[in-house]
file input-v9.pdb (PDB, C-alpha atoms and all ligand atoms)
ATOM      1  CA  MET A   1       0.000   0.000   0.000  1.00  0.00           C
ATOM      2  CA  LYS A   2       1.293   3.500  -0.793  1.00  0.00           C
ATOM      3  CA  HIS A   3       1.779   5.744   2.242  1.00  0.00           C
ATOM      4  CA  ASN A   4       0.925   9.364   1.528  1.00  0.00           C
ATOM      5  CA  ILE A   5       2.926  12.318   2.851  1.00  0.00           C
ATOM      6  CA  ILE A   6       0.737  14.663   4.866  1.00  0.00           C
ATOM      7  CA  TYR A   7       1.058  18.414   5.357  1.00  0.00           C
ATOM      8  CA  ARG A   8      -0.569  19.360   8.675  1.00  0.00           C
ATOM      9  CA  PRO A   9      -3.000  22.294   8.656  1.00  0.00           C
ATOM     10  CA  ILE A  10      -2.667  25.116  11.187  1.00  0.00           C
ATOM     11  CA  PRO A  11      -5.541  24.779  13.708  1.00  0.00           C
ATOM     12  CA  LEU A  12      -8.220  27.483  13.588  1.00  0.00           C
ATOM     13  CA  ASP A  13     -10.573  28.150  16.476  1.00  0.00           C
ATOM     14  CA  GLU A  14     -13.618  27.444  14.285  1.00  0.00           C
ATOM     15  CA  GLU A  15     -15.982  24.525  14.680  1.00  0.00           C
ATOM     16  CA  ILE A  16     -17.559  22.433  11.919  1.00  0.00           C
ATOM     17  CA  LYS A  17     -21.083  21.362  12.948  1.00  0.00           C
ATOM     18  CA  PHE A  18     -22.780  18.515  11.140  1.00  0.00           C
ATOM     19  CA  SER A  19     -26.069  16.617  11.351  1.00  0.00           C
ATOM     20  CA  LYS A  20     -26.410  13.971  14.074  1.00  0.00           C
ATOM     21  CA  LYS A  21     -27.747  11.665  11.356  1.00  0.00           C
ATOM     22  CA  LYS A  22     -24.452  11.778   9.438  1.00  0.00           C
ATOM     23  CA  PHE A  23     -22.171   8.892  10.358  1.00  0.00           C
ATOM     24  CA  ILE A  24     -18.487   9.076   9.568  1.00  0.00           C
ATOM     25  CA  VAL A  25     -16.815   5.742   8.850  1.00  0.00           C
ATOM     26  CA  SER A  26     -13.234   4.647   8.298  1.00  0.00           C
ATOM     27  CA  LYS A  27     -11.197   1.474   8.315  1.00  0.00           C
ATOM     28  CA  THR A  28      -7.480   1.060   8.875  1.00  0.00           C
ATOM     29  CA  ASP A  29      -4.906  -1.685   8.773  1.00  0.00           C
ATOM     30  CA  ILE A  30      -3.324  -2.849  12.026  1.00  0.00           C
ATOM     31  CA  LYS A  31      -0.830   0.039  11.939  1.00  0.00           C
ATOM     32  CA  GLY A  32      -3.541   2.704  11.592  1.00  0.00           C
ATOM     33  CA  TYR A  33      -3.125   3.450   7.870  1.00  0.00           C
ATOM     34  CA  ILE A  34      -6.476   4.303   6.293  1.00  0.00           C
ATOM     35  CA  THR A  35      -7.885   1.690   3.892  1.00  0.00           C
ATOM     36  CA  PHE A  36     -11.507   2.899   3.590  1.00  0.00           C
ATOM     37  CA  VAL A  37     -13.476   6.116   4.163  1.00  0.00           C
ATOM     38  CA  ASN A  38     -17.133   6.924   3.477  1.00  0.00           C
ATOM     39  CA  LYS A  39     -18.347  10.090   1.746  1.00  0.00           C
ATOM     40  CA  ASN A  40     -19.272  11.828   5.014  1.00  0.00           C
ATOM     41  CA  PHE A  41     -15.661  11.411   6.141  1.00  0.00           C
ATOM     42  CA  CYS A  42     -14.435  13.290   3.062  1.00  0.00           C
ATOM     43  CA  ASP A  43     -17.180  15.941   3.195  1.00  0.00           C
ATOM     44  CA  ILE A  44     -16.590  16.781   6.859  1.00  0.00           C
ATOM     45  CA  SER A  45     -12.790  16.444   7.059  1.00  0.00           C
ATOM     46  CA  GLY A  46     -12.300  18.245   3.729  1.00  0.00           C
ATOM     47  CA  TYR A  47      -9.841  15.612   2.432  1.00  0.00           C
ATOM     48  CA  SER A  48     -10.477  13.641  -0.755  1.00  0.00           C
ATOM     49  CA  GLU A  49     -10.554   9.856  -0.791  1.00  0.00           C
ATOM     50  CA  GLU A  50      -7.243   9.879  -2.706  1.00  0.00           C
ATOM     51  CA  GLU A  51      -5.587  11.944   0.015  1.00  0.00           C
ATOM     52  CA  LEU A  52      -6.933   9.730   2.787  1.00  0.00           C
ATOM     53  CA  ILE A  53      -6.375   6.189   1.526  1.00  0.00           C
ATOM     54  CA  GLY A  54      -2.851   5.205   2.547  1.00  0.00           C
ATOM     55  CA  ALA A  55      -2.512   8.082   5.019  1.00  0.00           C
ATOM     56  CA  PRO A  56      -1.953   7.420   8.729  1.00  0.00           C
ATOM     57  CA  HIS A  57      -5.136   8.062  10.733  1.00  0.00           C
ATOM     58  CA  ASN A  58      -3.358  10.673  12.812  1.00  0.00           C
ATOM     59  CA  ILE A  59      -3.849  12.954   9.768  1.00  0.00           C
ATOM     60  CA  LEU A  60      -6.874  14.196  11.795  1.00  0.00           C
ATOM     61  CA  ARG A  61      -5.046  14.487  15.108  1.00  0.00           C
ATOM     62  CA  HIS A  62      -5.896  17.715  16.871  1.00  0.00           C
ATOM     63  CA  PRO A  63      -3.244  19.244  19.189  1.00  0.00           C
ATOM     64  CA  ASP A  64      -5.924  19.679  21.905  1.00  0.00           C
ATOM     65  CA  MET A  65      -6.297  15.883  22.214  1.00  0.00           C
ATOM     66  CA  PRO A  66      -4.365  14.217  25.048  1.00  0.00           C
ATOM     67  CA  ARG A  67      -2.106  11.346  23.955  1.00  0.00           C
ATOM     68  CA  ALA A  68      -3.520   9.228  26.808  1.00  0.00           C
ATOM     69  CA  ILE A  69      -6.874   8.870  25.019  1.00  0.00           C
ATOM     70  CA  PHE A  70      -5.287   7.365  21.897  1.00  0.00           C
ATOM     71  CA  PHE A  71      -3.119   5.183  24.108  1.00  0.00           C
ATOM     72  CA  LEU A  72      -6.307   3.753  25.686  1.00  0.00           C
ATOM     73  CA  VAL A  73      -7.964   3.301  22.279  1.00  0.00           C
ATOM     74  CA  TRP A  74      -4.971   1.485  20.785  1.00  0.00           C
ATOM     75  CA  SER A  75      -4.448  -0.673  23.905  1.00  0.00           C
ATOM     76  CA  SER A  76      -8.026  -1.987  23.655  1.00  0.00           C
ATOM     77  CA  LEU A  77      -7.950  -2.516  19.895  1.00  0.00           C
ATOM     78  CA  LEU A  78      -4.665  -4.413  19.927  1.00  0.00           C
ATOM     79  CA  LYS A  79      -6.143  -6.673  22.624  1.00  0.00           C
ATOM     80  CA  GLY A  80      -9.009  -7.290  20.161  1.00  0.00           C
ATOM     81  CA  GLU A  81     -11.546  -5.334  22.215  1.00  0.00           C
ATOM     82  CA  PRO A  82     -13.950  -2.645  20.960  1.00  0.00           C
ATOM     83  CA  VAL A  83     -13.677   0.777  22.615  1.00  0.00           C
ATOM     84  CA  SER A  84     -15.288   4.203  22.371  1.00  0.00           C
ATOM     85  CA  GLY A  85     -13.940   7.704  22.690  1.00  0.00           C
ATOM     86  CA  VAL A  86     -14.841  11.341  22.298  1.00  0.00           C
ATOM     87  CA  VAL A  87     -12.446  12.924  19.821  1.00  0.00           C
ATOM     88  CA  LYS A  88     -11.741  16.468  18.633  1.00  0.00           C
ATOM     89  CA  ASN A  89     -10.627  16.142  15.026  1.00  0.00           C
ATOM     90  CA  LEU A  90      -8.675  18.542  12.828  1.00  0.00           C
ATOM     91  CA  ALA A  91     -10.116  19.097   9.339  1.00  0.00           C
ATOM     92  CA  LYS A  92      -7.988  20.006   6.317  1.00  0.00           C
ATOM     93  CA  SER A  93      -9.144  23.621   6.619  1.00  0.00           C
ATOM     94  CA  GLY A  94      -7.741  23.791  10.185  1.00  0.00           C
ATOM     95  CA  LYS A  95     -11.266  23.865  11.636  1.00  0.00           C
ATOM     96  CA  TYR A  96     -12.258  21.259  14.215  1.00  0.00           C
ATOM     97  CA  TYR A  97     -15.176  18.888  14.766  1.00  0.00           C
ATOM     98  CA  TRP A  98     -16.079  16.770  17.794  1.00  0.00           C
ATOM     99  CA  VAL A  99     -17.196  13.182  17.376  1.00  0.00           C
ATOM    100  CA  ILE A 100     -18.252  10.228  19.481  1.00  0.00           C
ATOM    101  CA  ALA A 101     -16.276   7.349  18.004  1.00  0.00           C
ATOM    102  CA  ASP A 102     -16.945   3.621  18.382  1.00  0.00           C
ATOM    103  CA  PHE A 103     -13.850   1.654  17.401  1.00  0.00           C
ATOM    104  CA  ASP A 104     -13.997  -2.032  16.571  1.00  0.00           C
ATOM    105  CA  VAL A 105     -11.762  -4.889  15.488  1.00  0.00           C
ATOM    106  CA  LYS A 106     -12.340  -7.250  12.550  1.00  0.00           C
ATOM    107  CA  LYS A 107     -10.589 -10.594  12.796  1.00  0.00           C
ATOM    108  CA  ASP A 108      -9.947 -13.359  10.268  1.00  0.00           C
ATOM    109  CA  LYS A 109     -11.059 -16.937  10.922  1.00  0.00           C
ATOM    110  CA  ASP A 110      -7.815 -17.670  12.809  1.00  0.00           C
ATOM    111  CA  GLY A 111      -8.503 -14.800  15.201  1.00  0.00           C
ATOM    112  CA  ASN A 112      -5.816 -12.479  13.799  1.00  0.00           C
ATOM    113  CA  ILE A 113      -6.703  -8.791  13.534  1.00  0.00           C
ATOM    114  CA  LYS A 114      -7.616  -8.041   9.916  1.00  0.00           C
ATOM    115  CA  SER A 115      -8.703  -4.419  10.165  1.00  0.00           C
ATOM    116  CA  LEU A 116      -9.801  -1.723  12.588  1.00  0.00           C
ATOM    117  CA  THR A 117     -12.947   0.330  12.103  1.00  0.00           C
ATOM    118  CA  ALA A 118     -14.367   3.557  13.483  1.00  0.00           C
ATOM    119  CA  PHE A 119     -17.993   4.751  13.357  1.00  0.00           C
ATOM    120  CA  ARG A 120     -18.463   8.333  14.414  1.00  0.00           C
ATOM    121  CA  ARG A 121     -21.360  10.653  15.031  1.00  0.00           C
ATOM    122  CA  ALA A 122     -21.617  14.290  16.071  1.00  0.00           C
ATOM    123  CA  ALA A 123     -21.055  14.870  19.778  1.00  0.00           C
ATOM    124  CA  PRO A 124     -23.847  16.789  21.544  1.00  0.00           C
ATOM    125  CA  GLN A 125     -22.861  20.060  23.242  1.00  0.00           C
ATOM    126  CA  GLN A 126     -23.001  18.701  26.813  1.00  0.00           C
ATOM    127  CA  VAL A 127     -20.592  15.906  25.831  1.00  0.00           C
ATOM    128  CA  ILE A 128     -18.219  18.445  24.264  1.00  0.00           C
ATOM    129  CA  ASP A 129     -18.385  20.649  27.372  1.00  0.00           C
ATOM    130  CA  THR A 130     -17.500  17.777  29.708  1.00  0.00           C
ATOM    131  CA  MET A 131     -14.704  16.378  27.558  1.00  0.00           C
ATOM    132  CA  GLU A 132     -13.205  19.767  26.676  1.00  0.00           C
ATOM    133  CA  GLU A 133     -12.635  20.483  30.352  1.00  0.00           C
ATOM    134  CA  LEU A 134     -11.282  17.008  31.103  1.00  0.00           C
ATOM    135  CA  TYR A 135      -8.946  16.994  28.067  1.00  0.00           C
ATOM    136  CA  GLU A 136      -7.629  20.472  28.812  1.00  0.00           C
ATOM    137  CA  THR A 137      -6.576  19.336  32.282  1.00  0.00           C
ATOM    138  CA  MET A 138      -5.098  16.096  30.922  1.00  0.00           C
ATOM    139  CA  LEU A 139      -3.161  17.978  28.238  1.00  0.00           C
ATOM    140  CA  ASN A 140      -1.690  20.400  30.774  1.00  0.00           C
ATOM    141  CA  ILE A 141      -0.580  17.469  32.934  1.00  0.00           C
ATOM    142  CA  GLU A 142       0.905  15.764  29.855  1.00  0.00           C
ATOM    143  CA  LYS A 143       2.957  18.849  29.029  1.00  0.00           C
ATOM    144  CA  ARG A 144       4.508  18.804  32.509  1.00  0.00           C
ATOM    145  CA  GLN A 145       4.574  15.128  33.469  1.00  0.00           C
ATOM    146  CA  GLY A 146       3.994  13.138  30.274  1.00  0.00           C
ATOM    147  CA  MET A 147       1.305  10.603  29.499  1.00  0.00           C
ATOM    148  CA  LYS A 148       1.656   8.641  32.746  1.00  0.00           C
ATOM    149  CA  GLY A 149       0.553  11.724  34.648  1.00  0.00           C
ATOM    150  CA  SER A 150      -2.555  12.254  32.523  1.00  0.00           C
ATOM    151  CA  LEU A 151      -3.494   8.561  32.719  1.00  0.00           C
ATOM    152  CA  SER A 152      -3.283   8.753  36.534  1.00  0.00           C
ATOM    153  CA  TYR A 153      -5.391  11.908  36.512  1.00  0.00           C
ATOM    154  CA  LEU A 154      -8.021  10.189  34.337  1.00  0.00           C
ATOM    155  CA  GLN A 155      -8.052   7.227  36.699  1.00  0.00           C
ATOM    156  CA  GLU A 156      -8.585   9.518  39.720  1.00  0.00           C
ATOM    157  CA  TYR A 157     -11.315  11.404  37.845  1.00  0.00           C
ATOM    158  CA  LEU A 158     -13.143   8.118  37.098  1.00  0.00           C
ATOM    159  CA  GLU A 159     -12.717   6.902  40.686  1.00  0.00           C
ATOM    160  CA  GLU A 160     -14.284  10.142  41.905  1.00  0.00           C
ATOM    161  CA  HIS A 161     -17.229   9.449  39.604  1.00  0.00           C
ATOM    162  CA  HIS A 162     -17.290   5.769  40.728  1.00  0.00           C
ATOM    163  CA  MET A 163     -17.129   4.603  37.106  1.00  0.00           C
ATOM    164  CA  THR A 164     -14.841   2.741  34.725  1.00  0.00           C
ATOM    165  CA  TYR A 165     -13.854   4.493  31.471  1.00  0.00           C
ATOM    166  CA  ASP A 166     -16.491   2.460  29.558  1.00  0.00           C
ATOM    167  CA  GLU A 167     -19.218   3.230  32.110  1.00  0.00           C
ATOM    168  CA  PHE A 168     -18.326   6.919  32.091  1.00  0.00           C
ATOM    169  CA  LEU A 169     -18.604   7.095  28.293  1.00  0.00           C
ATOM    170  CA  ASP A 170     -21.817   5.037  28.206  1.00  0.00           C
ATOM    171  CA  HIS A 171     -23.327   7.319  30.788  1.00  0.00           C
ATOM    172  CA  LEU A 172     -22.247  10.407  28.858  1.00  0.00           C
ATOM    173  CA  VAL A 173     -22.908   9.448  25.250  1.00  0.00           C
ATOM    174  CA  THR A 174     -25.705   6.868  25.143  1.00  0.00           C
ATOM    175  CA  PRO A 175     -28.047   8.128  22.430  1.00  0.00           C
ATOM    176  CA  LYS A 176     -31.744   8.562  23.075  1.00  0.00           C
ATOM    177  CA  GLY A 177     -34.935   8.219  20.981  1.00  0.00           C
ATOM    178  CA  MET A 178     -34.636   6.725  17.497  1.00  0.00           C
ATOM    179  CA  LEU A 179     -30.903   7.265  17.138  1.00  0.00           C
ATOM    180  CA  PRO A 180     -29.739   3.896  18.598  1.00  0.00           C
ATOM    181  CA  LYS A 181     -31.757   2.021  15.928  1.00  0.00           C
ATOM    182  CA  LEU A 182     -30.349   4.195  13.168  1.00  0.00           C
ATOM    183  CA  ILE A 183     -26.805   3.670  14.425  1.00  0.00           C
ATOM    184  CA  SER A 184     -27.050  -0.117  14.652  1.00  0.00           C
ATOM    185  CA  ALA A 185     -28.698  -0.343  11.204  1.00  0.00           C
ATOM    186  CA  PHE A 186     -25.899   1.767   9.783  1.00  0.00           C
ATOM    187  CA  LYS A 187     -23.152  -0.217  11.505  1.00  0.00           C
ATOM    188  CA  SER A 188     -24.519  -3.484  10.113  1.00  0.00           C
ATOM    189  CA  MET A 189     -24.154  -2.065   6.589  1.00  0.00           C
ATOM    190  CA  PHE A 190     -20.389  -1.878   7.088  1.00  0.00           C
ATOM    191  CA  GLY A 191     -20.076  -5.128   9.076  1.00  0.00           C
TER
HETATM  192  C1  LIG A 201      -9.916   2.798  13.070  1.00  0.00           C
HETATM  193  C2  LIG A 201      -9.194   3.979  13.659  1.00  0.00           C
HETATM  194  C3  LIG A 201      -9.733   5.240  13.560  1.00  0.00           C
HETATM  195  C4  LIG A 201      -9.081   6.359  14.091  1.00  0.00           C
HETATM  196  N1  LIG A 201      -9.665   7.579  13.981  1.00  0.00           N
HETATM  197  C5  LIG A 201      -9.031   8.671  14.459  1.00  0.00           C
HETATM  198  C6  LIG A 201      -9.613   9.960  14.323  1.00  0.00           C
HETATM  199  O1  LIG A 201     -10.716  10.140  13.805  1.00  0.00           O
HETATM  200  N2  LIG A 201      -8.903  11.019  14.798  1.00  0.00           N
HETATM  201  C7  LIG A 201      -7.689  10.882  15.411  1.00  0.00           C
HETATM  202  O2  LIG A 201      -7.100  11.893  15.819  1.00  0.00           O
HETATM  203  N3  LIG A 201      -7.133   9.661  15.577  1.00  0.00           N
HETATM  204  C8  LIG A 201      -7.775   8.573  15.124  1.00  0.00           C
HETATM  205  N4  LIG A 201      -7.213   7.338  15.296  1.00  0.00           N
HETATM  206  C9  LIG A 201      -5.983   7.223  16.095  1.00  0.00           C
HETATM  207  C10 LIG A 201      -4.722   7.499  15.293  1.00  0.00           C
HETATM  208  O3  LIG A 201      -4.296   6.281  14.715  1.00  0.00           O
HETATM  209  C11 LIG A 201      -3.593   8.051  16.204  1.00  0.00           C
HETATM  210  O4  LIG A 201      -3.286   7.131  17.223  1.00  0.00           O
HETATM  211  C12 LIG A 201      -3.953   9.396  16.857  1.00  0.00           C
HETATM  212  O5  LIG A 201      -4.388  10.329  15.902  1.00  0.00           O
HETATM  213  C13 LIG A 201      -2.799   9.987  17.651  1.00  0.00           C
HETATM  214  O6  LIG A 201      -1.715  10.230  16.830  1.00  0.00           O
HETATM  215  P1  LIG A 201      -0.274   9.729  17.220  1.00  0.00           P
HETATM  216  O7  LIG A 201      -0.419   8.272  17.532  1.00  0.00           O
HETATM  217  O8  LIG A 201       0.589  10.038  16.054  1.00  0.00           O
HETATM  218  O9  LIG A 201       0.096  10.525  18.443  1.00  0.00           O
HETATM  219  C14 LIG A 201      -7.836   6.202  14.762  1.00  0.00           C
HETATM  220  C15 LIG A 201      -7.288   4.921  14.866  1.00  0.00           C
HETATM  221  C16 LIG A 201      -7.947   3.816  14.334  1.00  0.00           C
HETATM  222  C17 LIG A 201      -7.349   2.454  14.476  1.00  0.00           C
END

call {"tool": "encode", "arguments": {"input": "input-v9.pdb", "output": "structure tokens"}}
result
Amino acid sequence: MKHNIIYRPIPLDEEIKFSKKKFIVSKTDIKGYITFVNKNFCDISGYSEEELIGAPHNILRHPDMPRAIFFLVWSSLLKGEPVSGVVKNLAKSGKYYWVIADFDVKKDKDGNIKSLTAFRRAAPQQVIDTMEELYETMLNIEKRQGMKGSLSYLQEYLEEHHMTYDEFLDHLVTPKGMLPKLISAFKSMFG
């Protein structure tokens, strides 16, 4: 597979809002190089399919995101376990957009990881508000003490809330009304 060279945009303090019915999908290989994107991915990120296929998924990495979150995501996926996260992404224009991302692992019949997938939807404002504050604190700790410090902070934060990371996210992001049905129907299309 060809690996594209990426020029990183300069972040702008401008948000891209998109419909909660628009799902953004991508697949990667085991190293995180993009192998598939849907049209919503291109429309919202501003990159073309040609630019994205073969690029590392950190093409969207926003400097406001703590490294600890991606560490948790990758640790679960490489163990073969699905995981969710709230992510601030950097579009080609430099603007940002917040998503709730459900990551999953596809395995071959021998149980080896074949590909990694992410389904994303728009994050509601109260989710953004909570995570923005948490991530800002984690990022400040990371700058001074590295990722170990921010992971410890996250652990303390969850203990204070008497929840695991998964419970905390479930509690925060579980969709209401018709949306869960729409999401599971959509996910099955990409199965
Ligand atoms: C299926 C999949 C989807 C991903 N989607 C995103 C994403 O939307 N935004 C993002 O910043 N990182 C995403 N990542 C994580 C990146 O691979 C990377 O770990 C992250 O951007 C941090 O960059 P770094 O590892 O270079 O520090 C995804 C990873 C996988 C496996």

call {"tool": "axis_aligned_box", "arguments": {"input": "input-v9.pdb", "around": "ligand LIG 201 (chain A)", "padding_each_side": "5 Å", "output": "JSON"}}
result
{"center_x": -5.1, "center_y": 7.2, "center_z": 15.8, "size_x": 21.3, "size_y": 19.4, "size_z": 15.4}

call {"tool": "closest_residue", "arguments": {"input": "input-v9.pdb", "among": "A:Ser19, A:Ser188, A:Ser48, A:Ser26", "to": "Lys92 in chain A", "atoms": "only C-alpha atoms"}}
result
A:Ser48

call {"tool": "residues_near_ligand", "arguments": {"input": "input-v9.pdb", "ligand": "ligand LIG 201 (chain A)", "cutoff": "7 Å", "atoms": "all atoms listed in the file", "output": "short mmCIF file (atom, residue, chain, number, x, y, z; two decimals) with C-alpha atoms, in the frame of the given file"}}
result
data_model
loop_
_atom_site.label_atom_id
_atom_site.label_comp_id
_atom_site.auth_asym_id
_atom_site.auth_seq_id
_atom_site.Cartn_x
_atom_site.Cartn_y
_atom_site.Cartn_z
CA SER A 26 -13.23 4.65 8.30
CA LYS A 27 -11.20 1.47 8.32
CA THR A 28 -7.48 1.06 8.88
CA GLY A 32 -3.54 2.70 11.59
CA PRO A 56 -1.95 7.42 8.73
CA HIS A 57 -5.14 8.06 10.73
CA ASN A 58 -3.36 10.67 12.81
CA ILE A 59 -3.85 12.95 9.77
CA LEU A 60 -6.87 14.20 11.80
CA ARG A 61 -5.05 14.49 15.11
CA HIS A 62 -5.90 17.72 16.87
CA ARG A 67 -2.11 11.35 23.96
CA PHE A 70 -5.29 7.36 21.90
CA TRP A 74 -4.97 1.48 20.78
CA VAL A 87 -12.45 12.92 19.82
CA ASN A 89 -10.63 16.14 15.03
CA PHE A 103 -13.85 1.65 17.40
CA LEU A 116 -9.80 -1.72 12.59
CA THR A 117 -12.95 0.33 12.10
CA ALA A 118 -14.37 3.56 13.48
#

call {"tool": "residues_around", "arguments": {"input": "input-v9.pdb", "residues": "range 143-159 of chain A", "least_positions_apart": "2", "cutoff": "9 Å", "atoms": "only C-alpha atoms", "output": "list of chain:residue names"}}
result
A:Pro66, A:Arg67, A:Ala68, A:Ile69, A:Phe71, A:Leu72, A:Leu134, A:Thr137, A:Met138, A:Leu139, A:Asn140, A:Ile141, A:His161, A:His162, A:Met163, A:Thr164, A:Tyr165, A:Phe168

call {"tool": "atom_distance", "arguments": {"input": "input-v9.pdb", "atom1": "CA of Tyr96 in chain A", "atom2": "CA of Asp64 in chain A"}}
result
10.1 Å

call {"tool": "residues_around", "arguments": {"input": "input-v9.pdb", "residues": "Thr130 in chain A", "least_positions_apart": "5", "cutoff": "12 Å", "atoms": "only C-alpha atoms", "output": "PyMOL selection string"}}
result
chain A and resi 86+123-125+135-137+168-169+172-173

call {"tool": "residues_around", "arguments": {"input": "input-v9.pdb", "residues": "Ser84 in chain A", "least_positions_apart": "3", "cutoff": "8 Å", "atoms": "all atoms listed in the file", "output": "VMD selection string"}}
result
chain A and resid 73 100 to 103 166 169

call {"tool": "atom_distance", "arguments": {"input": "input-v9.pdb", "atom1": "CA of Glu50 in chain A", "atom2": "CA of Ser115 in chain A"}}
result
19.3 Å

call {"tool": "resolve_selection", "arguments": {"input": "input-v9.pdb", "expression": "the PyMOL selection byres (((chain A and resi 18) around 10) and not hetatm)", "output": "JSON, numbers by chain"}}
result
{"A": [15, 16, 17, 19, 20, 21, 22, 23, 40, 44, 97, 98, 99, 121, 122, 123]}

call {"tool": "resolve_selection", "arguments": {"input": "input-v9.pdb", "expression": "the PyMOL selection byres (((chain A and resi 114) around 12) and not hetatm)", "output": "list in words"}}
result
Lys27, Thr28, Asp29, Ile30, Lys31, Gly32, Thr35, Leu77, Leu78, Gly80, Asp104, Val105, Lys106, Lys107, Asp108, Lys109, Asp110, Gly111, Asn112, Ile113, Ser115, Leu116 and Thr117 of chain A

call {"tool": "residues_near_point", "arguments": {"input": "input-v9.pdb", "point": "(-4.7, 18.0, -1.2)", "cutoff": "12 Å", "atoms": "all atoms listed in the file", "output": "list in words"}}
result
Asn4, Ile5, Ile6, Tyr7, Arg8, Pro9, Cys42, Ser45, Gly46, Tyr47, Ser48, Glu49, Glu50, Glu51, Leu52, Ala55, Ala91, Lys92 and Ser93 of chain A

call {"tool": "closest_residue", "arguments": {"input": "input-v9.pdb", "among": "A:Asp13, A:Glu167, A:Asp129, A:Glu160", "to": "Pro63 in chain A", "atoms": "all atoms listed in the file"}}
result
A:Asp13

call {"tool": "atom_distance", "arguments": {"input": "input-v9.pdb", "atom1": "CA of Thr174 in chain A", "atom2": "CA of Lys95 in chain A"}}
result
26.1 Å

call {"tool": "decode", "arguments": {"input": "input-v9.pdb", "residues": "range 43-73 of chain A", "atoms": "C-alpha atoms", "output": "short mmCIF file (atom, residue, chain, number, x, y, z; two decimals), in the first residue's frame"}}
result
data_model
loop_
_atom_site.label_atom_id
_atom_site.label_comp_id
_atom_site.auth_asym_id
_atom_site.auth_seq_id
_atom_site.Cartn_x
_atom_site.Cartn_y
_atom_site.Cartn_z
CA ASP A 43 -17.18 15.94 3.20
CA ILE A 44 -16.59 16.78 6.86
CA SER A 45 -12.79 16.44 7.06
CA GLY A 46 -12.30 18.25 3.73
CA TYR A 47 -9.84 15.61 2.43
CA SER A 48 -10.48 13.64 -0.75
CA GLU A 49 -10.55 9.86 -0.79
CA GLU A 50 -7.24 9.88 -2.71
CA GLU A 51 -5.59 11.94 0.01
CA LEU A 52 -6.93 9.73 2.79
CA ILE A 53 -6.38 6.19 1.53
CA GLY A 54 -2.85 5.21 2.55
CA ALA A 55 -2.51 8.08 5.02
CA PRO A 56 -1.95 7.42 8.73
CA HIS A 57 -5.14 8.06 10.73
CA ASN A 58 -3.36 10.67 12.81
CA ILE A 59 -3.85 12.95 9.77
CA LEU A 60 -6.87 14.20 11.79
CA ARG A 61 -5.05 14.49 15.11
CA HIS A 62 -5.90 17.72 16.87
CA PRO A 63 -3.24 19.24 19.19
CA ASP A 64 -5.92 19.68 21.91
CA MET A 65 -6.30 15.88 22.21
CA PRO A 66 -4.36 14.22 25.05
CA ARG A 67 -2.11 11.35 23.96
CA ALA A 68 -3.52 9.23 26.81
CA ILE A 69 -6.87 8.87 25.02
CA PHE A 70 -5.29 7.37 21.90
CA PHE A 71 -3.12 5.18 24.11
CA LEU A 72 -6.31 3.75 25.69
CA VAL A 73 -7.96 3.30 22.28
#
